[in-house]
file query22.txt (compact mmCIF, C-alpha atoms)
# COMPACT_ATOMS: atom_id res chain seq x y z
CA MET X 1 18.28 -113.44 -38.13
CA HIS X 2 20.78 -115.63 -36.40
CA THR X 3 22.25 -117.00 -39.66
CA SER X 4 22.67 -113.54 -41.10
CA SER X 5 24.61 -112.25 -38.10
CA THR X 6 26.93 -115.30 -38.23
CA LEU X 7 27.52 -114.56 -41.91
CA THR X 8 28.38 -110.93 -41.14
CA GLU X 9 30.80 -111.99 -38.43
CA HIS X 10 32.39 -114.50 -40.77
CA THR X 11 32.81 -111.89 -43.52
CA ALA X 12 34.26 -109.41 -41.05
CA ASP X 13 36.71 -112.07 -39.93
CA ARG X 14 37.79 -112.72 -43.50
CA GLY X 15 38.24 -109.00 -43.97
CA ARG X 16 40.65 -108.82 -41.04
CA ALA X 17 42.60 -111.82 -42.29
CA GLY X 18 42.94 -110.01 -45.62
CA HIS X 19 44.88 -107.17 -44.02
CA VAL X 20 48.26 -108.77 -44.60
CA PRO X 21 49.96 -106.12 -46.78
CA GLY X 22 49.97 -107.13 -50.43
CA LEU X 23 47.74 -110.18 -49.94
CA ALA X 24 44.77 -110.36 -52.30
CA HIS X 25 41.55 -111.47 -50.56
CA HIS X 26 41.11 -114.65 -52.62
CA PHE X 27 44.34 -116.22 -51.37
CA ASP X 28 44.86 -117.88 -47.98
CA ASP X 29 48.38 -116.56 -47.45
CA LEU X 30 51.33 -114.97 -49.25
CA ALA X 31 52.95 -118.34 -50.03
CA GLN X 32 49.84 -119.55 -51.85
CA GLN X 33 49.55 -116.23 -53.67
CA ARG X 34 53.15 -116.50 -54.78
CA GLN X 35 52.74 -120.08 -56.03
CA ALA X 36 49.66 -119.12 -58.02
CA GLY X 37 51.43 -116.09 -59.48
CA THR X 38 54.47 -118.09 -60.56
CA LEU X 39 52.32 -120.77 -62.13
CA GLY X 40 50.22 -118.16 -63.94
CA MET X 41 53.40 -116.61 -65.35
CA TRP X 42 54.57 -119.99 -66.61
CA ALA X 43 51.17 -120.59 -68.23
CA PHE X 44 51.59 -117.26 -70.03
CA LEU X 45 55.11 -118.24 -71.11
CA ILE X 46 53.73 -121.47 -72.63
CA THR X 47 51.51 -119.34 -74.87
CA GLU X 48 54.56 -117.24 -75.72
CA VAL X 49 56.52 -120.36 -76.67
CA MET X 50 53.67 -121.27 -79.03
CA PHE X 51 53.56 -117.72 -80.44
CA PHE X 52 57.26 -117.73 -81.32
CA GLY X 53 57.07 -121.46 -82.11
CA GLY X 54 54.83 -120.73 -85.09
CA MET X 55 57.48 -118.43 -86.55
CA PHE X 56 60.28 -120.90 -85.82
CA THR X 57 58.26 -123.60 -87.60
CA ALA X 58 57.73 -121.34 -90.63
CA TYR X 59 61.46 -120.59 -90.62
CA ALA X 60 62.33 -124.30 -90.47
CA TYR X 61 60.05 -125.15 -93.37
CA TYR X 62 61.23 -122.38 -95.70
CA ARG X 63 64.87 -122.97 -94.82
CA TYR X 64 64.39 -126.64 -95.70
CA ARG X 65 62.65 -125.56 -98.93
CA TYR X 66 65.18 -122.85 -100.00
CA PRO X 67 68.53 -123.66 -98.32
CA ALA X 68 70.71 -121.69 -100.77
CA ALA X 69 68.57 -118.52 -100.60
CA PHE X 70 68.49 -118.63 -96.80
CA ALA X 71 72.27 -119.03 -96.58
CA ALA X 72 72.78 -116.18 -99.09
CA GLY X 73 70.35 -113.90 -97.20
CA SER X 74 71.92 -114.76 -93.86
CA ALA X 75 75.41 -113.96 -95.19
CA HIS X 76 74.32 -110.28 -95.35
CA LEU X 77 73.69 -110.11 -91.60
CA ASP X 78 76.45 -108.74 -89.35
CA VAL X 79 77.77 -111.66 -87.26
CA THR X 80 79.89 -109.34 -85.08
CA LEU X 81 76.93 -107.15 -84.10
CA GLY X 82 74.81 -110.29 -83.59
CA THR X 83 77.41 -111.82 -81.26
CA ILE X 84 77.83 -108.57 -79.31
CA ASN X 85 74.05 -108.30 -78.91
CA THR X 86 73.86 -111.89 -77.66
CA ALA X 87 76.46 -111.06 -75.00
CA VAL X 88 74.61 -107.82 -74.10
CA LEU X 89 71.35 -109.74 -73.62
CA ILE X 90 73.07 -112.41 -71.48
CA GLY X 91 74.50 -109.55 -69.40
CA SER X 92 70.99 -108.15 -68.94
CA SER X 93 69.82 -111.59 -67.80
CA LEU X 94 72.55 -111.54 -65.14
CA THR X 95 71.52 -108.08 -63.87
CA MET X 96 67.89 -109.26 -63.88
CA VAL X 97 68.64 -112.35 -61.80
CA LEU X 98 70.62 -110.12 -59.40
CA ALA X 99 67.52 -107.88 -59.09
CA VAL X 100 65.41 -110.93 -58.22
CA HIS X 101 68.06 -111.98 -55.71
CA ALA X 102 67.93 -108.51 -54.13
CA ALA X 103 64.11 -108.79 -53.98
CA GLN X 104 64.38 -112.10 -52.13
CA LEU X 105 66.41 -110.26 -49.49
CA GLY X 106 64.03 -107.28 -49.52
CA ARG X 107 66.76 -104.86 -50.62
CA ASN X 108 64.72 -102.38 -52.61
CA ARG X 109 67.60 -100.04 -53.43
CA ASP X 110 69.54 -102.90 -55.03
CA ILE X 111 66.44 -103.89 -57.00
CA VAL X 112 66.30 -100.35 -58.43
CA ARG X 113 70.02 -100.42 -59.27
CA PHE X 114 69.90 -103.79 -61.07
CA PHE X 115 66.64 -102.91 -62.83
CA LEU X 116 68.22 -99.73 -64.22
CA MET X 117 71.23 -101.74 -65.41
CA THR X 118 68.89 -104.23 -67.09
CA ILE X 119 67.00 -101.43 -68.85
CA GLY X 120 70.34 -99.90 -69.88
CA LEU X 121 71.59 -103.13 -71.43
CA GLY X 122 68.20 -103.58 -73.12
CA LEU X 123 68.64 -100.10 -74.65
CA VAL X 124 72.14 -101.01 -75.89
CA PHE X 125 70.66 -104.09 -77.57
CA LEU X 126 67.88 -102.08 -79.22
CA VAL X 127 70.25 -99.33 -80.43
CA ILE X 128 72.52 -101.95 -82.06
CA LYS X 129 69.44 -103.59 -83.58
CA ALA X 130 68.28 -100.22 -84.91
CA PHE X 131 71.66 -99.73 -86.64
CA GLU X 132 71.31 -103.17 -88.21
CA TYR X 133 67.79 -102.39 -89.43
CA GLY X 134 69.14 -99.12 -90.85
CA HIS X 135 71.81 -100.99 -92.83
CA LYS X 136 69.20 -103.40 -94.18
CA TRP X 137 67.00 -100.47 -95.22
CA ARG X 138 69.93 -98.79 -97.02
CA ASP X 139 70.85 -102.06 -98.77
CA HIS X 140 67.24 -102.56 -99.99
CA LEU X 141 66.82 -105.74 -97.95
CA VAL X 142 63.57 -104.73 -96.25
CA PRO X 143 60.79 -106.84 -97.86
CA GLY X 144 58.36 -104.90 -99.97
CA ARG X 145 58.43 -102.62 -103.00
CA HIS X 146 62.03 -101.49 -102.52
CA PHE X 147 63.51 -104.93 -102.01
CA ARG X 148 66.43 -105.53 -104.38
CA TRP X 149 68.51 -108.67 -104.62
CA HIS X 150 71.23 -109.27 -107.20
CA GLY X 151 73.05 -112.16 -105.55
CA ASP X 152 72.50 -115.92 -105.47
CA GLY X 153 69.42 -117.74 -104.35
CA GLY X 154 66.74 -115.78 -106.22
CA GLY X 155 64.98 -112.62 -105.01
CA GLY X 156 61.73 -114.26 -103.88
CA PRO X 157 63.11 -116.83 -101.42
CA VAL X 158 65.70 -114.33 -100.10
CA GLN X 159 62.89 -111.86 -99.48
CA LEU X 160 61.15 -114.65 -97.57
CA PHE X 161 64.24 -115.00 -95.39
CA TYR X 162 64.20 -111.26 -94.67
CA SER X 163 60.45 -111.33 -93.97
CA LEU X 164 61.10 -113.96 -91.29
CA TYR X 165 64.16 -112.06 -90.06
CA PHE X 166 62.17 -108.86 -89.53
CA ALA X 167 59.11 -110.65 -88.12
CA MET X 168 61.12 -112.67 -85.60
CA THR X 169 63.65 -110.04 -84.51
CA GLY X 170 60.90 -107.37 -84.61
CA MET X 171 58.61 -109.38 -82.35
CA HIS X 172 61.56 -110.13 -80.09
CA ALA X 173 62.41 -106.41 -79.91
CA LEU X 174 58.76 -105.55 -79.18
CA HIS X 175 58.85 -108.02 -76.28
CA MET X 176 61.96 -106.26 -74.98
CA VAL X 177 60.32 -102.82 -75.20
CA ILE X 178 57.29 -104.10 -73.27
CA GLY X 179 59.59 -105.78 -70.74
CA MET X 180 61.64 -102.60 -70.25
CA ALA X 181 58.48 -100.54 -69.69
CA LEU X 182 57.30 -103.03 -67.05
CA ILE X 183 60.74 -103.08 -65.41
CA GLY X 184 60.53 -99.27 -65.26
CA VAL X 185 57.19 -99.44 -63.43
CA LEU X 186 58.56 -102.03 -60.98
CA ALA X 187 61.68 -99.92 -60.45
CA VAL X 188 59.44 -97.04 -59.29
CA MET X 189 57.64 -99.44 -56.94
CA ALA X 190 60.97 -100.70 -55.58
CA GLY X 191 62.05 -97.08 -55.14
CA ARG X 192 59.03 -96.68 -52.82
CA GLY X 193 60.17 -99.75 -50.87
CA ARG X 194 57.26 -101.93 -51.95
CA PHE X 195 58.99 -105.32 -52.05
CA THR X 196 59.68 -107.59 -49.07
CA PRO X 197 61.28 -111.06 -48.77
CA GLN X 198 57.73 -112.45 -48.36
CA ASN X 199 56.11 -110.47 -51.15
CA HIS X 200 58.03 -109.73 -54.36
CA ASN X 201 56.04 -111.77 -56.85
CA ALA X 202 56.08 -109.07 -59.51
CA VAL X 203 59.89 -108.92 -59.51
CA GLU X 204 60.18 -112.70 -59.91
CA ASN X 205 57.62 -112.73 -62.72
CA ILE X 206 59.26 -109.93 -64.71
CA GLY X 207 62.48 -111.92 -64.24
CA LEU X 208 60.86 -115.01 -65.78
CA TYR X 209 59.61 -112.89 -68.69
CA TRP X 210 62.98 -111.27 -69.32
CA HIS X 211 64.85 -114.61 -69.24
CA PHE X 212 62.30 -116.07 -71.64
CA VAL X 213 62.98 -113.22 -74.08
CA ASP X 214 66.69 -114.00 -73.70
CA VAL X 215 66.07 -117.69 -74.51
CA ILE X 216 64.22 -116.71 -77.72
CA TRP X 217 67.26 -114.69 -78.81
CA ILE X 218 69.59 -117.59 -77.92
CA PHE X 219 67.83 -119.56 -80.70
CA LEU X 220 67.33 -116.65 -83.11
CA PHE X 221 71.01 -115.74 -83.15
CA PRO X 222 72.47 -118.97 -84.63
CA LEU X 223 69.46 -119.60 -86.88
CA LEU X 224 69.49 -116.14 -88.47
CA TYR X 225 73.09 -114.91 -88.25
CA LEU X 226 75.34 -117.97 -88.38
CA LEU X 227 73.60 -119.76 -91.23
CA GLY X 228 75.48 -117.88 -93.97
CA VAL X 229 78.94 -117.87 -92.36
CA HIS X 230 80.30 -121.12 -93.77
CA THR X 231 79.03 -120.83 -97.35
CA MET W 1 70.54 -119.67 -54.97
CA SER W 2 74.01 -118.25 -54.34
CA LEU W 3 75.42 -115.27 -56.22
CA ARG W 4 78.40 -117.39 -57.22
CA THR W 5 76.12 -119.75 -59.16
CA TYR W 6 74.71 -116.80 -61.12
CA TYR W 7 78.16 -115.55 -62.08
CA VAL W 8 79.33 -119.04 -63.10
CA VAL W 9 76.23 -119.52 -65.28
CA PHE W 10 76.77 -116.05 -66.78
CA GLY W 11 80.38 -116.97 -67.64
CA ALA W 12 79.29 -120.29 -69.15
CA LEU W 13 76.67 -118.53 -71.30
CA LEU W 14 79.26 -116.07 -72.62
CA ALA W 15 81.73 -118.89 -73.34
CA LEU W 16 79.05 -120.87 -75.20
CA THR W 17 78.17 -117.76 -77.24
CA ALA W 18 81.81 -117.43 -78.30
CA LEU W 19 81.91 -121.17 -79.02
CA THR W 20 78.82 -121.14 -81.24
CA THR W 21 80.12 -118.20 -83.31
CA ALA W 22 83.57 -119.81 -83.62
CA ALA W 23 82.07 -123.18 -84.59
CA ALA W 24 80.22 -121.53 -87.48
CA TYR W 25 83.58 -120.55 -89.03
CA VAL W 26 85.10 -124.04 -88.71
CA HIS W 27 85.11 -125.94 -91.96
CA VAL W 28 83.48 -129.36 -91.63
CA GLY W 29 82.98 -131.93 -94.35
CA GLY W 30 79.84 -134.00 -94.65
CA ILE W 31 79.63 -137.10 -92.49
CA GLY W 32 78.06 -140.02 -94.35
CA PRO W 33 74.72 -138.89 -95.79
CA LEU W 34 74.78 -135.68 -93.70
CA PRO W 35 75.84 -132.53 -95.58
CA ALA W 36 78.14 -129.99 -93.90
CA ASP W 37 75.38 -127.45 -93.22
CA ALA W 38 73.31 -130.07 -91.40
CA ILE W 39 76.28 -130.66 -89.08
CA HIS W 40 76.70 -126.90 -88.54
CA LEU W 41 72.98 -126.65 -87.73
CA ALA W 42 73.16 -129.59 -85.30
CA ILE W 43 76.15 -128.02 -83.47
CA ALA W 44 74.52 -124.57 -83.30
CA LEU W 45 71.19 -125.93 -82.04
CA SER W 46 72.89 -128.18 -79.46
CA ILE W 47 74.79 -125.22 -78.02
CA ALA W 48 71.61 -123.10 -78.04
CA ALA W 49 69.75 -125.90 -76.22
CA VAL W 50 72.47 -126.08 -73.54
CA LYS W 51 72.33 -122.28 -73.11
CA ALA W 52 68.52 -122.29 -72.87
CA THR W 53 68.70 -125.12 -70.29
CA LEU W 54 71.20 -123.14 -68.18
CA VAL W 55 68.97 -120.04 -68.29
CA GLY W 56 65.89 -122.12 -67.43
CA LEU W 57 67.43 -124.14 -64.59
CA TYR W 58 69.38 -121.38 -62.85
CA PHE W 59 68.07 -117.94 -63.91
CA MET W 60 64.42 -119.02 -64.10
CA HIS W 61 64.87 -121.18 -60.98
CA ILE W 62 63.35 -124.36 -62.45
CA ARG W 63 66.01 -126.29 -60.56
CA HIS W 64 64.48 -125.27 -57.22
CA ALA W 65 60.88 -125.01 -58.40
CA GLY W 66 58.00 -127.23 -57.37
CA GLY W 67 56.71 -130.13 -59.44
CA LEU W 68 53.84 -128.20 -60.96
CA THR W 69 56.10 -125.41 -62.27
CA ARG W 70 58.44 -128.01 -63.76
CA LEU W 71 55.47 -129.68 -65.42
CA PHE W 72 54.48 -126.34 -66.98
CA ALA W 73 58.01 -125.77 -68.28
CA ILE W 74 58.10 -129.24 -69.80
CA ALA W 75 54.60 -128.72 -71.24
CA ALA W 76 55.89 -125.67 -73.14
CA ILE W 77 58.49 -127.84 -74.85
CA GLY W 78 55.97 -130.68 -75.32
CA TRP W 79 53.49 -128.48 -77.19
CA LEU W 80 56.24 -127.00 -79.32
CA VAL W 81 57.30 -130.53 -80.30
CA ILE W 82 53.70 -131.36 -81.25
CA LEU W 83 53.43 -128.17 -83.33
CA MET W 84 56.64 -128.89 -85.25
CA ALA W 85 56.32 -132.69 -85.50
CA LEU W 86 52.79 -132.61 -86.95
CA THR W 87 53.67 -129.77 -89.35
CA PHE W 88 56.67 -131.63 -90.71
CA ALA W 89 54.82 -134.96 -90.81
CA ASP W 90 52.32 -133.19 -93.06
CA ILE W 91 54.98 -131.58 -95.28
CA ALA W 92 56.97 -134.82 -95.64
CA ARG W 93 53.86 -136.68 -96.86
CA ARG W 94 52.76 -134.19 -99.51

call {"tool": "encode", "arguments": {"input": "query22.txt", "output": "C-alpha cells"}}
result
Amino acid sequence: MHTSSTLTEHTADRGRAGHVPGLAHHFDDLAQQRQAGTLGMWAFLITEVMFFGGMFTAYAYYRYRYPAAFAAGSAHLDVTLGTINTAVLIGSSLTMVLAVHAAQLGRNRDIVRFFLMTIGLGLVFLVIKAFEYGHKWRDHLVPGRHFRWHGDGGGGPVQLFYSLYFAMTGMHALHMVIGMALIGVLAVMAGRGRFTPQNHNAVENIGLYWHFVDVIWIFLFPLLYLLGVHT
Amino acid sequence: MSLRTYYVVFGALLALTALTTAAAYVHVGGIGPLPADAIHLAIALSIAAVKATLVGLYFMHIRHAGGLTRLFAIAAIGWLVILMALTFADIARR
C-alpha cells in the first residue's frame, strides 16, 4: 500500500515537471531535448549522404568507364541555367539560415518571412529545372524508348549519363519538394507564434536538411554541367 | 553567430560558384601523366569541397556544435569514403 502511494506521488511529480511547454516527457529539460533532436537529425543526414553517395559512386564508375560519352552528354546541358540555379539555391540557404537566426531570437514573424523567401527561391529553382527537363524531353535525351543520340560517344553510354542525370537531379528535386512542404508547415506554426529562443528545434532541423540539399547540389553542378564545357 | 558572418559566407559561396564555372572554360594542358580533364575535375571538386565546408561550418553550425555532432558529421564523410574506396578497390582489381 505504502509503495504504491509513493509511486503515484512520484508519477504525479514527473507529470508536473513535464508541463514545460514543448518539452516531451522523456527528456529532462529543453536543452537535452534539443541536443537529442540535433543529433537525431545528423544521424538522418548520414543516411542521406549514403543514399546520394551510392549514386555519386555509380556516376564516378561510369564516367571513368565512358569518359567521352559523359563529356558529350554533359555538353548538352545548359551551363548558364545550371549556374543561375546554383546561385538561387545558395540564396535560399542564406534565407534559411536567417530564419534559424530569427528563431534563436524568438522572432516568429521574421521566421515566417524568411521561410516564405526560402520557399520562393526553391520554386524558382524547380521552375528552371522543369524548363531544362522540358528541353531534354524535346531533344529526345530522356532515357527510354524515345532516346535518340546522333553525336559522339555512342548512344548507350550517353543514355547512361542521362539516366544518372535524371536520377540524381530528380532525387535532389524531390528532396527540395519535401523540404518546401515541411517549411510550409513550420511557417504556419511560426505564424501562430510557436517558437521561442529556448524551443525552436524544428526550425534548426529543417535548416540542417535544407543546407544538406544545397551541399548535394554543390557537387552535382560541376559533375553534371561543367564536364562537357572544355571538350 | 552574427548576421555579418552569414552574409560573408553567402558572398564567398557566390564567388566560388562563379569561379568554378569560369575555371571550366579555361584551357589547361595535361600536367605530367595527368590529362587536362583530370585537372579540370580536381579543380571543380576542390572548389565544391570548399563550398560544402563553408555551408557545413557556418550555415549548419558545425563550427559551434558539440563534439558528438562533429563526430556525426565526420562519420558521414567517413562512411562515404568507405563506400567509394571499397567499390573502386574492387573495380581496379577486376

call {"tool": "residues_around", "arguments": {"input": "query22.txt", "residues": "Ala68 in chain X", "least_positions_apart": "2", "cutoff": "12 Å", "atoms": "only C-alpha atoms", "output": "PyMOL selection string"}}
result
(chain X and resi 62-66+70-75+151-155+157-158+161+227-228+230-231) or (chain W and resi 37)

call {"tool": "residues_around", "arguments": {"input": "query22.txt", "residues": "Ala24 in chain W", "least_positions_apart": "5", "cutoff": "9 Å", "atoms": "only C-alpha atoms", "output": "short mmCIF file (atom, residue, chain, number, x, y, z; two decimals) with C-alpha atoms, keeping the file's coordinate frame"}}
result
data_model
loop_
_atom_site.label_atom_id
_atom_site.label_comp_id
_atom_site.auth_asym_id
_atom_site.auth_seq_id
_atom_site.Cartn_x
_atom_site.Cartn_y
_atom_site.Cartn_z
CA PRO X 222 72.47 -118.97 -84.63
CA LEU X 226 75.34 -117.97 -88.38
CA LEU X 227 73.60 -119.76 -91.23
CA GLY X 228 75.48 -117.88 -93.97
CA VAL X 229 78.94 -117.87 -92.36
CA HIS X 230 80.30 -121.12 -93.77
CA LEU W 19 81.91 -121.17 -79.02
CA HIS W 40 76.70 -126.90 -88.54
CA LEU W 41 72.98 -126.65 -87.73
CA ILE W 43 76.15 -128.02 -83.47
CA ALA W 44 74.52 -124.57 -83.30
#

call {"tool": "closest_residue", "arguments": {"input": "query22.txt", "among": "X:Leu30, X:Gly40, X:Ala190, X:Pro143", "to": "Gly156 in chain X", "atoms": "all atoms listed in the file"}}
result
X:Pro143

call {"tool": "closest_residue", "arguments": {"input": "query22.txt", "among": "W:Ala65, W:Leu80, W:Ala92, W:Ala22", "to": "chain X", "atoms": "all atoms listed in the file"}}
result
W:Leu80

call {"tool": "interface_residues", "arguments": {"input": "query22.txt", "of": "chain W", "to": "chain X", "cutoff": "7 Å", "atoms": "only C-alpha atoms", "output": "NGL selection string"}}
result
:W and (6 or 10 or 14 or 21 or 24-25 or 44 or 48 or 52 or 55 or 59-60 or 69 or 72-73 or 76 or 80 or 84)

call {"tool": "write_last_selection", "arguments": {"input": "query22.txt", "atoms": "C-alpha atoms", "output": "mmCIF file, keeping the file's coordinate frame"}}
result
data_model
loop_
_atom_site.group_PDB
_atom_site.id
_atom_site.type_symbol
_atom_site.label_atom_id
_atom_site.label_comp_id
_atom_site.auth_asym_id
_atom_site.auth_seq_id
_atom_site.Cartn_x
_atom_site.Cartn_y
_atom_site.Cartn_z
ATOM 1 C CA TYR W 6 74.710 -116.800 -61.120
ATOM 2 C CA PHE W 10 76.770 -116.050 -66.780
ATOM 3 C CA LEU W 14 79.260 -116.070 -72.620
ATOM 4 C CA THR W 21 80.120 -118.200 -83.310
ATOM 5 C CA ALA W 24 80.220 -121.530 -87.480
ATOM 6 C CA TYR W 25 83.580 -120.550 -89.030
ATOM 7 C CA ALA W 44 74.520 -124.570 -83.300
ATOM 8 C CA ALA W 48 71.610 -123.100 -78.040
ATOM 9 C CA ALA W 52 68.520 -122.290 -72.870
ATOM 10 C CA VAL W 55 68.970 -120.040 -68.290
ATOM 11 C CA PHE W 59 68.070 -117.940 -63.910
ATOM 12 C CA MET W 60 64.420 -119.020 -64.100
ATOM 13 C CA THR W 69 56.100 -125.410 -62.270
ATOM 14 C CA PHE W 72 54.480 -126.340 -66.980
ATOM 15 C CA ALA W 73 58.010 -125.770 -68.280
ATOM 16 C CA ALA W 76 55.890 -125.670 -73.140
ATOM 17 C CA LEU W 80 56.240 -127.000 -79.320
ATOM 18 C CA MET W 84 56.640 -128.890 -85.250
#

call {"tool": "closest_residue", "arguments": {"input": "query22.txt", "among": "X:Gly122, X:Arg194, X:Met168, X:Phe27", "to": "Leu224 in chain X", "atoms": "all atoms listed in the file"}}
result
X:Met168

call {"tool": "residues_around", "arguments": {"input": "query22.txt", "residues": "Leu126 in chain X", "least_positions_apart": "6", "cutoff": "12 Å", "atoms": "all atoms listed in the file", "output": "PyMOL selection string"}}
result
chain X and resi 81-82+84-86+88-89+119-120+132-133+169-170+172-177+180

call {"tool": "atom_distance", "arguments": {"input": "query22.txt", "atom1": "CA of Thr196 in chain X", "atom2": "CA of Gly22 in chain X"}}
result
9.8 Å

call {"tool": "atom_distance", "arguments": {"input": "query22.txt", "atom1": "CA of Lys51 in chain W", "atom2": "CA of Leu13 in chain W"}}
result
6.0 Å

call {"tool": "atom_distance", "arguments": {"input": "query22.txt", "atom1": "CA of Asp110 in chain X", "atom2": "CA of Ala181 in chain X"}}
result
18.5 Å

call {"tool": "closest_residue", "arguments": {"input": "query22.txt", "among": "X:His76, X:His135, X:His200, X:His26", "to": "Trp149 in chain X", "atoms": "only C-alpha atoms"}}
result
X:His76
